[in-house]
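Student: One structure, pasted below without further comment.
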Amino acid sequence: MNSRALLPTLIALTALLFLAALSIGPSFVPPSALVALLSPDDDSPTALILREIRLPRALLGVMVGMSLGAAGAALQGLLRNPLSEPGIIGVSGGAALGAVIAFYSGLASGAYWLLPASGMLGALLAVAALQGLAGRGADMVTVILAGVAINSLCGALTTLVLNLSPNPFAAFEIYFWLLGSLANRSFDHVLLALPFMALGWALLLSGRRALDALSLGEDTAASLGIRLGAVRARIIAGSALAVGAAVSVSGVIGFVGLVVPHLLRPWVDHRPGALVLPSAFGGAALTLAADLGTRVPLAGGELKLGVVTALLGAPFFLRLVLRARSGGA
């Protein structure tokens with residue numbers, strides 16, 4: 001497969017997995033029946049399940065996967081570190097901490113939008129802290145160190161909230177939310193997260209040319225008219241908006257922003273700018289596939305999405321380690 005066929009192939013794969021997400025569940029719905037059942041005039045139980053449960057879940061799978069994949073690719077290009085992912089700048093940890101505080105304070109039991117809004121606020125505060133800690137003219141190493149520090153602090157505070165939670169049922173609810181899931185989401189979550197994600201996607205895609213220039217080195221990029229500070233602010237803000245909104249509605253889902261760019265990088269000739277859009281659709285496909293894996297019936301209940309993505313991602317990195325070891329030998 002050449003680079004020109006990569007994006008259409010990923011879009012087609014995402015579309016097929018989207019149809020599978022609508023069809024597969026406790027009751028199977030043939031793809032041929034989906035169009036009729038999604039009609040607003042059909043008020044049968046199956047049609048209501050499709051419109052109110054499976055369709056929002058599938059849409060969020062696409063949106064969350066696109067956010068994680070695009071942000072992971074953009075951050076790897078910006079920081080010139082193939083192990084970079086949204087958590088490295090504190091976005092995921094900040095969003096998780098904001099949502100956990102909403103659980104702890106009881107805000108999550110109020111209006112439906114208070115939980116995701118708290119998560120997005122946490123992500124934006126984490127990025128503001130990153131900018132304040134790293135400084136405007138900081139180099140990339142300082143940005144990474146600041147992000148790791150903020151992410152570690154958010155993780156410690158999240159654990160502290162869990163430890164101090166007086167209600168064991170609230171603690172269990174927080175714990176399971178942190179595992180990540182798209183189940184029991186509605187169109188309200190889709191409509192709340194979509195504007196923030198769309199703005200984040202636009203910022204990430206607008207930096208593609210600059211990412212290609214940065215791959216040649218900061219001095220070369222500057223000679224081409226690239227303003228490093230502006231590019232860094234754009235990519236970090238885009239990641240904060242897209243990933244913060246994703247974590248706020250789905251919980252923490254790891255490895256998508258890390259694995260997908262690695263898998264697709266050879267197909268775009270290792271150009272970081274050209275990797276962002278394919279990684280968005282690759283992330284959507286991986287998230288939809290992992291969410292289908294959560295629907296496997298188990299005695300203990302449904303698997304969590306974050307658990308499935310971790311089970312898929314960890315062996316991939318073990319393979320990378322073994323390949324690097326054999327290459328070094």
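By convention here, the chains of the structure tokens are called A, B, ... in the order presented, each chain's residues are numbered starting at 1, and ligands are numbered starting at 1 in the order presented.
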Give me, as JSON lines, each residue of range 90-162 of chain A that comes within 12 Å of range 53-76 of chain A, together with its shortest interatomic pair and the distance in Å at one decimal, counting only C-alpha atoms, with rows ordered by chain and rising residue number.
Tutor:
{"residue": "A:Val91", "atom": "CA", "partner": "A:Ala71", "partner_atom": "CA", "distance": 10.5}
{"residue": "A:Ser92", "atom": "CA", "partner": "A:Leu68", "partner_atom": "CA", "distance": 10.1}
{"residue": "A:Met140", "atom": "CA", "partner": "A:Leu75", "partner_atom": "CA", "distance": 10.8}
{"residue": "A:Val143", "atom": "CA", "partner": "A:Leu75", "partner_atom": "CA", "distance": 11.2}
{"residue": "A:Ile144", "atom": "CA", "partner": "A:Leu75", "partner_atom": "CA", "distance": 10.3}
{"residue": "A:Gly147", "atom": "CA", "partner": "A:Leu75", "partner_atom": "CA", "distance": 11.8}
Student: Write a file of the selected residues as a compact mmCIF listing (two decimals), in the first residue's frame, keeping C-alpha atoms.
Tutor:
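And here's part-v1.txt as it stands now:
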# COMPACT_ATOMS: atom_id res chain seq x y z
CA VAL A 91 -3.49 16.96 29.60
CA SER A 92 -4.82 13.49 30.40
CA MET A 140 11.57 21.08 24.25
CA VAL A 143 8.56 21.37 28.18
CA ILE A 144 8.75 17.58 28.53
CA GLY A 147 4.72 18.11 31.52
Student: Sort by chain and increasing residue number a table of all residues of range 78-153 of chain A within 8 Å of range 170-186 of chain A, each with its closest pair of atoms and their distance in Å to one decimal, counting only C-alpha atoms, and write it as JSON lines.
Tutor:
{"residue": "A:Ala96", "atom": "CA", "partner": "A:Leu178", "partner_atom": "CA", "distance": 7.2}
{"residue": "A:Val100", "atom": "CA", "partner": "A:Ile174", "partner_atom": "CA", "distance": 6.2}
{"residue": "A:Phe103", "atom": "CA", "partner": "A:Ile174", "partner_atom": "CA", "distance": 6.7}
{"residue": "A:Tyr104", "atom": "CA", "partner": "A:Ala170", "partner_atom": "CA", "distance": 7.1}
Student: Please dump the current selection as an mmCIF file, in the first residue's frame; keep all heavy atoms.
Tutor:
data_model
loop_
_atom_site.group_PDB
_atom_site.id
_atom_site.type_symbol
_atom_site.label_atom_id
_atom_site.label_comp_id
_atom_site.auth_asym_id
_atom_site.auth_seq_id
_atom_site.Cartn_x
_atom_site.Cartn_y
_atom_site.Cartn_z
ATOM 1 N N ALA A 96 -8.393 14.055 34.020
ATOM 2 C CA ALA A 96 -8.829 13.021 34.956
ATOM 3 C C ALA A 96 -8.999 13.593 36.360
ATOM 4 O O ALA A 96 -9.975 13.287 37.053
ATOM 5 C CB ALA A 96 -7.819 11.872 34.974
ATOM 6 N N VAL A 100 -12.389 13.631 38.560
ATOM 7 C CA VAL A 100 -12.407 12.954 39.856
ATOM 8 C C VAL A 100 -12.857 13.906 40.957
ATOM 9 O O VAL A 100 -13.616 13.528 41.866
ATOM 10 C CB VAL A 100 -11.008 12.369 40.158
ATOM 11 C CG1 VAL A 100 -10.880 11.978 41.620
ATOM 12 C CG2 VAL A 100 -10.754 11.159 39.271
ATOM 13 N N PHE A 103 -16.535 14.063 40.880
ATOM 14 C CA PHE A 103 -17.117 12.909 41.579
ATOM 15 C C PHE A 103 -17.057 13.121 43.093
ATOM 16 O O PHE A 103 -18.043 12.908 43.808
ATOM 17 C CB PHE A 103 -16.345 11.631 41.219
ATOM 18 C CG PHE A 103 -16.788 10.976 39.943
ATOM 19 C CD1 PHE A 103 -15.920 10.885 38.869
ATOM 20 C CD2 PHE A 103 -18.057 10.430 39.818
ATOM 21 C CE1 PHE A 103 -16.306 10.267 37.691
ATOM 22 C CE2 PHE A 103 -18.453 9.808 38.644
ATOM 23 C CZ PHE A 103 -17.574 9.736 37.576
ATOM 24 N N TYR A 104 -15.897 13.524 43.580
ATOM 25 C CA TYR A 104 -15.668 13.635 45.019
ATOM 26 C C TYR A 104 -16.564 14.710 45.646
ATOM 27 O O TYR A 104 -17.092 14.534 46.749
ATOM 28 C CB TYR A 104 -14.199 13.972 45.272
ATOM 29 C CG TYR A 104 -13.825 14.100 46.725
ATOM 30 C CD1 TYR A 104 -13.613 12.971 47.518
ATOM 31 C CD2 TYR A 104 -13.682 15.356 47.320
ATOM 32 C CE1 TYR A 104 -13.268 13.085 48.849
ATOM 33 C CE2 TYR A 104 -13.340 15.484 48.647
ATOM 34 C CZ TYR A 104 -13.134 14.345 49.414
ATOM 35 O OH TYR A 104 -12.800 14.462 50.747
#
Student: Nearest to Gly200 in chain A among A:Gly293, A:Pro40, A:Gly238, A:Pro315, with distances taken over only C-alpha atoms: which residue is it?
Tutor: A:Gly238
Student: Which polymer residues have any atom within 12 Å of an atom of Leu114 in chain A, counting only C-alpha atoms, with same-chain residues fewer than 6 positions away left out, as a ChimeraX atom specification?
Tutor: /A:98-103,105-108,120-121,188-189,192,248-249
Student: If we count only C-alpha atoms and set the cut-off at 9 Å, which residues sit around Val259 in chain A, ignoring sequence neighbours fewer than 5 positions away in its own chain? Please answer as a PyMOL selection string.
Tutor: chain A and resi 69+72+264+283+313+316-317
Student: Run DSSP on the backbone and tell me which residues of range 17-72 of chain A come out as helix (DSSP H, G or I); list them as a VMD selection string.
Tutor: chain A and resid 17 to 23 31 to 37 45 to 72
Student: Which residues are close to range 267-278 of chain A, i.e. within 9 Å by only C-alpha atoms, leaving aside same-chain residues fewer than 3 positions away? Reply as a compact mmCIF listing (two decimals) with C-alpha atoms, in the first residue's frame.
Tutor:
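selection_25.txt written:
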# COMPACT_ATOMS: atom_id res chain seq x y z
CA MET A 1 0.00 0.00 0.00
CA ASN A 2 1.45 3.40 -0.99
CA SER A 3 1.11 6.63 0.96
CA ARG A 4 -1.70 7.94 -1.26
CA LEU A 6 -3.24 5.11 3.26
CA LEU A 7 -5.80 7.77 4.15
CA LEU A 10 -8.11 4.20 7.01
CA ILE A 11 -11.32 6.13 6.31
CA MET A 66 -9.37 10.94 16.33
CA GLY A 69 -4.42 9.73 17.45
CA ALA A 70 -3.98 13.25 16.06
CA ALA A 71 -2.67 14.66 19.34
CA GLY A 72 -0.22 11.78 19.75
CA ALA A 73 1.19 12.25 16.24
CA ALA A 74 1.43 16.04 16.61
CA GLN A 76 5.63 13.26 18.77
CA GLY A 77 6.51 15.58 15.90
CA LEU A 78 6.67 18.70 18.07
CA ARG A 80 10.73 14.98 18.34
CA LEU A 204 -3.41 20.34 15.30
CA LEU A 205 -3.92 20.14 11.54
CA GLY A 207 0.60 22.91 12.41
CA ARG A 208 1.43 20.16 9.91
CA ARG A 209 3.77 22.24 7.74
CA ALA A 210 5.63 23.50 10.81
CA LEU A 211 6.05 19.94 12.12
CA ASP A 212 7.70 18.88 8.85
CA ALA A 213 10.05 21.85 9.09
CA LEU A 214 10.90 21.08 12.73
CA SER A 215 12.00 17.59 11.74
CA PRO A 261 1.58 7.03 15.04
CA LEU A 263 2.19 1.93 13.17
CA LEU A 264 1.53 4.54 10.46
CA PHE A 281 -8.45 8.08 11.44
CA GLY A 282 -6.14 5.32 12.64
CA GLY A 283 -6.97 6.31 16.22
Student: Which polymer residues have any atom within 10 Å of an atom of Phe196 in chain A, counting only C-alpha atoms, with same-chain residues fewer than 2 positions away left out, as a tab-separated table (two decimals) with N, CA, C and O atoms, in the first residue's frame?
Tutor:
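Dumped everything to out22.tsv:
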chain	number	residue	atom	x	y	z
A	120	MET	N	-12.63	19.06	31.30
A	120	MET	CA	-12.03	20.01	30.36
A	120	MET	C	-11.36	21.17	31.08
A	120	MET	O	-10.29	21.64	30.67
A	191	LEU	N	-22.55	16.25	21.82
A	191	LEU	CA	-22.70	17.67	21.51
A	191	LEU	C	-21.85	18.54	22.43
A	191	LEU	O	-21.39	19.60	22.01
A	192	LEU	N	-21.63	18.11	23.65
A	192	LEU	CA	-20.81	18.89	24.57
A	192	LEU	C	-19.34	18.84	24.18
A	192	LEU	O	-18.65	19.86	24.21
A	193	ALA	N	-18.86	17.67	23.78
A	193	ALA	CA	-17.43	17.52	23.51
A	193	ALA	C	-17.04	17.95	22.09
A	193	ALA	O	-15.90	18.39	21.87
A	194	LEU	N	-17.95	17.82	21.14
A	194	LEU	CA	-17.60	18.03	19.74
A	194	LEU	C	-17.01	19.42	19.44
A	194	LEU	O	-16.00	19.50	18.72
A	198	ALA	N	-13.37	19.68	17.83
A	198	ALA	CA	-13.22	20.23	16.48
A	198	ALA	C	-12.21	21.37	16.46
A	198	ALA	O	-11.38	21.46	15.55
A	199	LEU	N	-12.26	22.24	17.46
A	199	LEU	CA	-11.28	23.33	17.53
A	199	LEU	C	-9.88	22.76	17.74
A	199	LEU	O	-8.90	23.23	17.14
A	200	GLY	N	-9.78	21.73	18.59
A	200	GLY	CA	-8.49	21.09	18.81
A	200	GLY	C	-7.95	20.46	17.54
A	200	GLY	O	-6.76	20.60	17.21
A	201	TRP	N	-8.82	19.76	16.79
A	201	TRP	CA	-8.38	19.15	15.52
A	201	TRP	C	-7.87	20.23	14.56
A	201	TRP	O	-6.86	20.03	13.89
A	238	GLY	N	-4.15	22.73	21.00
A	238	GLY	CA	-4.99	21.79	20.27
A	238	GLY	C	-5.09	20.46	20.98
A	238	GLY	O	-6.17	19.86	21.05
A	240	ALA	N	-4.71	19.97	24.19
A	240	ALA	CA	-5.48	20.17	25.42
A	240	ALA	C	-6.98	20.16	25.14
A	240	ALA	O	-7.75	19.51	25.87
A	241	LEU	N	-7.40	20.84	24.09
A	241	LEU	CA	-8.83	20.90	23.78
A	241	LEU	C	-9.36	19.54	23.34
A	241	LEU	O	-10.38	19.07	23.83
A	242	ALA	N	-8.64	18.90	22.39
A	242	ALA	CA	-9.13	17.63	21.85
A	242	ALA	C	-9.07	16.51	22.89
A	242	ALA	O	-10.06	15.81	23.13
A	243	VAL	N	-7.91	16.35	23.53
A	243	VAL	CA	-7.75	15.25	24.47
A	243	VAL	C	-8.48	15.53	25.77
A	243	VAL	O	-9.05	14.62	26.39
A	244	GLY	N	-8.49	16.79	26.21
A	244	GLY	CA	-9.23	17.13	27.42
A	244	GLY	C	-10.71	16.81	27.28
A	244	GLY	O	-11.32	16.23	28.18
A	245	ALA	N	-11.28	17.16	26.12
A	245	ALA	CA	-12.69	16.82	25.88
A	245	ALA	C	-12.89	15.32	25.78
A	245	ALA	O	-13.89	14.78	26.28
A	246	ALA	N	-11.93	14.61	25.17
A	246	ALA	CA	-12.05	13.16	25.04
A	246	ALA	C	-12.03	12.48	26.41
A	246	ALA	O	-12.88	11.64	26.72
Student: Fewer than 3 positions away in the same chain doesn't count, so skip those; otherwise give me all residues within 9 Å of Gly306 in chain A, counting only C-alpha atoms, as a ChimeraX atom specification.
Tutor: /A:178-181,251-255,290,303,309-311
Student: Grab the CA of Ser23 in chain A to CA of Val190 in chain A distance for me, in Å with one decimal place.
Tutor: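 Pair CA of Ser23 in chain A / CA of Val190 in chain A returns 19.6 Å.
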